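Note sheet for the following structure.
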Number of protein chains: 2
Amino acid sequence: MAKPLRLNAFTMATPDHLSPGLWRHPRSDAARYHRRSYWTDLAKILERGLFDGLFIADTLGVSDVFKGGRDTALADGLHVPINDPLLAISAMAEVTEHLGFGVTVSMTYEHPFQLARRMSTLDHLTDGRMGWNMVTSSLDSASRAFGRSAQLPHDARYDMADEYAALCYKLWEGSWSDRAVINDTETGRYVDPTQVRTIHHDGPHFKLDAMHLCEPSPQRTPVLYQAGASPRGRRFGAENAECIFIGAPSKPVLGKFVRAARDSIRAAGRDPHEVLIFAEHTVILGKTDAEAAAKEAEYRRYCSDESALALMSGWIGTDLSRYKLDDPFHHVDSNAIRTAVEAMSSAAPDRVWTIREIAAWCGIGGLSPVTTGSPERVADSLIAWAEETDIDGFNLAHAVTHESFSDIADLLVPELQRRGVYKQAYAPGTLRQKLFGQGDRLAAHHPAARYRWPTS
Amino acid sequence: MAKPLRLNAFTMATPDHLSPGLWRHPRSDAARYHRRSYWTDLAKILERGLFDGLFIADTLGVSDVFKGGRDTALADGLHVPINDPLLAISAMAEVTEHLGFGVTVSMTYEHPFQLARRMSTLDHLTDGRMGWNMVTSSLDSASRAFGRSAQLPHDARYDMADEYAALCYKLWEGSWSDRAVINDTETGRYVDPTQVRTIHHDGPHFKLDAMHLCEPSPQRTPVLYQAGASPRGRRFGAENAECIFIGAPSKPVLGKFVRAARDSIRAAGRDPHEVLIFAEHTVILGKTDAEAAAKEAEYRRYCSDESALALMSGWIGTDLSRYKLDDPFHHVDSNAIRTAVEAMSSAAPDRVWTIREIAAWCGIGGLSPVTTGSPERVADSLIAWAEETDIDGFNLAHAVTHESFSDIADLLVPELQRRGVYKQAYAPGTLRQKLFGQGDRLAAHHPAARYRWPTS
């Protein structure tokens with residue numbers, strides 16, 4: 001049997017995530033992103049499709065590279081307006097039983113004492129279904145929002161992240177022993193105070209002198225996700241992450257990134273395959289190939305080149321509005337762009353891409369690949385991607401939400417099940433237990449485990 | 001007809017809120033405080049009782065005055081462990097339609113840019129049912145948790161709060177015009193960028209240079225609650241609050257506080273009765289007076305003197321463990337205690353209270369009054385409190401949760417309805433519309449309104 005595939009859904013609490021302009025498709029739910037029913041409807045669709053989790057991206061800044069300002073992003077609802085991703089989780093937990101929730105929360109703008117309490121609270125409220133995507137923030141616009149004049153340099157941000165993560169681990173794993181909560185109505189003791197430790201921390205970036213405010217939640221530390229692609233970010237992920245997200249436009253590039261990630265995990269002293277790697281991907285499904293192709297063509301009528309270039313400009317830090325649509329992409333004088341072009345060109349090595357074609361590429365699913373076809377064709381394709389690149393599953397973005405996800409649940413998942421590469425039902429237990437089958441808690445060799453109380 | 005009464009429920013995401021020890025009562029739900037069903041069960045009970053809102057207190061510190069440490073608080077689950085109060089709101093919104101949510105969020109430890117997004121997100125997710133209890137933090141233990149060596153002095157905290165509130169108002173009321181979100185699928189414009197302003201703020205406590213990340217929510221600014229009792233806190237409340245909470249153990253003391261609050265509101269240039277004042281109160285109900293008295297006696301068997309003194313010690317900043325239980329309370333050398341004794345003594349002016357009696361007083365409902373009896377007797381009492389002290393309603397704490405609240409919904413509310421002092425059904429609309437009947441938005445003369453876009 002082929003390797004079992006895992007599916008995450010990838011979204012953001014904003015009208016336009018990775019398919020710029022498609023919020024205005026007549027069947028799109030995207031303009032309801034701020035309503036509770038948007039999230040509960042989505043959660044029910046994903047649980048019907050046995051998705052492992054819903055992964056919610058976030059940003060605290062506004063992309064303002066394209067045309068030197070925020071207007072294109074605002075006009076298209078491209079990552080702005082954007083709501084807090086943590087606050088709809090308990091409503092989604094109320095209408096589901098198994099779906100996990102992986103949420104991006106930046107380590108740059110919130111003290112770890114607060115973040116630790118928020119995550120523990122949600123792990124309680126979801127019965128152990130929480131995950132945290134550990135990111136550091138890079139947008140200058142976010143930095144200014146908090147009254148800071150500039151970001152830390154990239155590598156210094158990850159040094160800060162090391163300390164931030166360690167502090168969270170101390171609170172989650174080290175403050176309360178497993179025997180702390182006794183809930184003894186006879187003696188009237190809810191907690192045994194000897195089993196609760198104050199954490200004393202005095203580091204270069206953070207100081208803290210407190211016990212964790214929350215009693216141990218089902219998973220204690222939420223499932224740890226990470227997506228950094230730089231060497232320093234990859235090292236952080238290799239040391240901390242249980243799941244890694246990778247975006248790459250072609251199999252060769254993805255395969256290279258996956259090998260680099262597995263190598264980093266090995267270098268960190270871990271089994272390279274104990275970390276699950278999810279690749280960003282977008283699928284467009286129809287009952288037949290022809291129906292799917294017609295659906296893609298119809299979707300593409302709603303794409304916005306302007307917004308796609310704004311999205312790309314924000315990613316690469318270069319204002320693509322300074323070029324003509326028919327300019328060849330590699331003439332753009334930017335290292336970041338050259339890297340992106342190199343990656344994309346590997347999908348079609350002999351081709352010279354124009355700015356217009358780049359906009360079209362980013363029109364659905366951003367830089368990640370789009371696979372269009374019947375359930376049989378898409379299943380063939382995803383299985384091939386997984387086999388050839390050594391990934392564990394996909395982080396599936398939407399073209400048109402929620403339709404993309406209900407198509408996956410109703411068309412693709414049954415086909416993957418027929419192939420024997422997809423679960424027939426959820427495993428019981430917490431998100432971590434579902435993903436790894438080895439209990440609710442972080443593995444004993446994870447760096448967080450060193451902060452645990454000795455077991456007796 | 002007597003003045004209509006409004007009811008709020010008062011709780012905290014912790015085992016023991018204001019009735020120390022009662023978490024261990026056999027019918028108590030308190031030890032489930034961390035479960036989602038605890039909150040959804042509570043919300044459904046309160047909506048059955050047509051409560052205006054659920055008010056959730058919070059703290060980021062641990063009371064460590066009693067016996068010079070945290071052990072008594074921990075052992076009893078007294079305000080620790082304590083979960084984040086914002087995260088169960090969307091689950092409660094999912095199972096109710098009208099109930100409002102007033103949540104304590106400190107202005108001391110979170111940047112207003114973050115708080116503003118969290119509140120706007122919840123106002124969206126609840127369809128306009130959010131309220132914010134504006135507090136500044138006073139516990140040294142919370143300050144240490146965030147690596148700070150000391151709190152700002154009391155009045156300086158309120159100067160900071162003035163700036164914090166103004167910054168939130170600028171984001172909520174001033175960043176997006178009413179015409180900003182156009183959601184025009186024809187032109188592909190979700191937002192009209194000319195209708196979104198960047199807020200530039202450079203004050204003594206906060207700097208910010210950003211637009212608000214959220215599109216306007218139903219109420220924009222959440223309903224503003226405040227509970228400060230000091231002269232400076234009262235001034236802040238008089239200038240900003242739409243609802244004020246007051247705790248006082250007797251009618252004369254409550255009446256004095258209410259007059260001081262109304263005077264402050266008048267001094268701030270507002271109609272003293274445009275602000276709703278809620279008094280903290282606990283009721284114990286039975287079908288008959290005898291049944292209620294028996295219920296109270298049974299409850300009191302689970303009270304903890306030790307925890308009650310820990311609660312009181314934290315409030316007054318004096319370690320009451322240094323005194324014998326039969327010491328007279330007024331011999332304790334503390335201004336704060338003398339004030340508390342003065343307040344309590346007004347309920348029984350000629351009495352000398354012992355430490356033991358103080359513990360018993362605080363055993364149910366903290367320092368607030370307890371009324372026990374049949375629905376008829378409790379209704380008589382609450383109506384008399386309201387008439388004699390000029391309050392608008394009650395913030396009802398629980399003795400035993402959720403039983404206290406279901407007794408109110410099922411026994412007291414029908415009696416108040418029979419008296420014509422309680423609504424027969426919820427009014428439609430947002431929390432603000434339900435409370436004041438004058439629309440979803442803050443009044444035009446509220447200080448926040450000065451930041452609004454001009455209407456055309």
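Just so we're on the same page: first chain in the structure tokens is A, next is B, and so on; residues restart at 1 for each chain, and ligands are numbered from 1 in the order they show up.
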
* To do: List every residue of region 115-231 of chain B that DSSP, applied to the backbone of this structure, places in helix (DSSP H, G or I), and write the result as a PyMOL selection string.
  => chain B and resi 115-125+140-145+154-174+193-195+231

* Check every residue of chain A for an atom within 6 Å of chain B, counting only C-alpha atoms, and provide those that qualify as a VMD selection string. => chain A and resid 24 34 to 36 71 74 to 77 81 to 84 87 to 88 90 to 91 118 121 124 to 125 144 to 147 185 189 to 193 207 to 210 213 to 215

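Considering only region 277-335 of chain A, backbone DSSP assigns strand (DSSP E or B) to Ile277, Phe278, Ala279, Glu280, His281, Thr282, Val283, Ile284, Leu285 and Pro328 of chain A.
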
* Would you please work out which residue, of B:Asp29, B:Glu97, B:Asp58, B:Asp155, is nearest to Ala427 (chain B) when using only C-alpha atoms? => B:Glu97
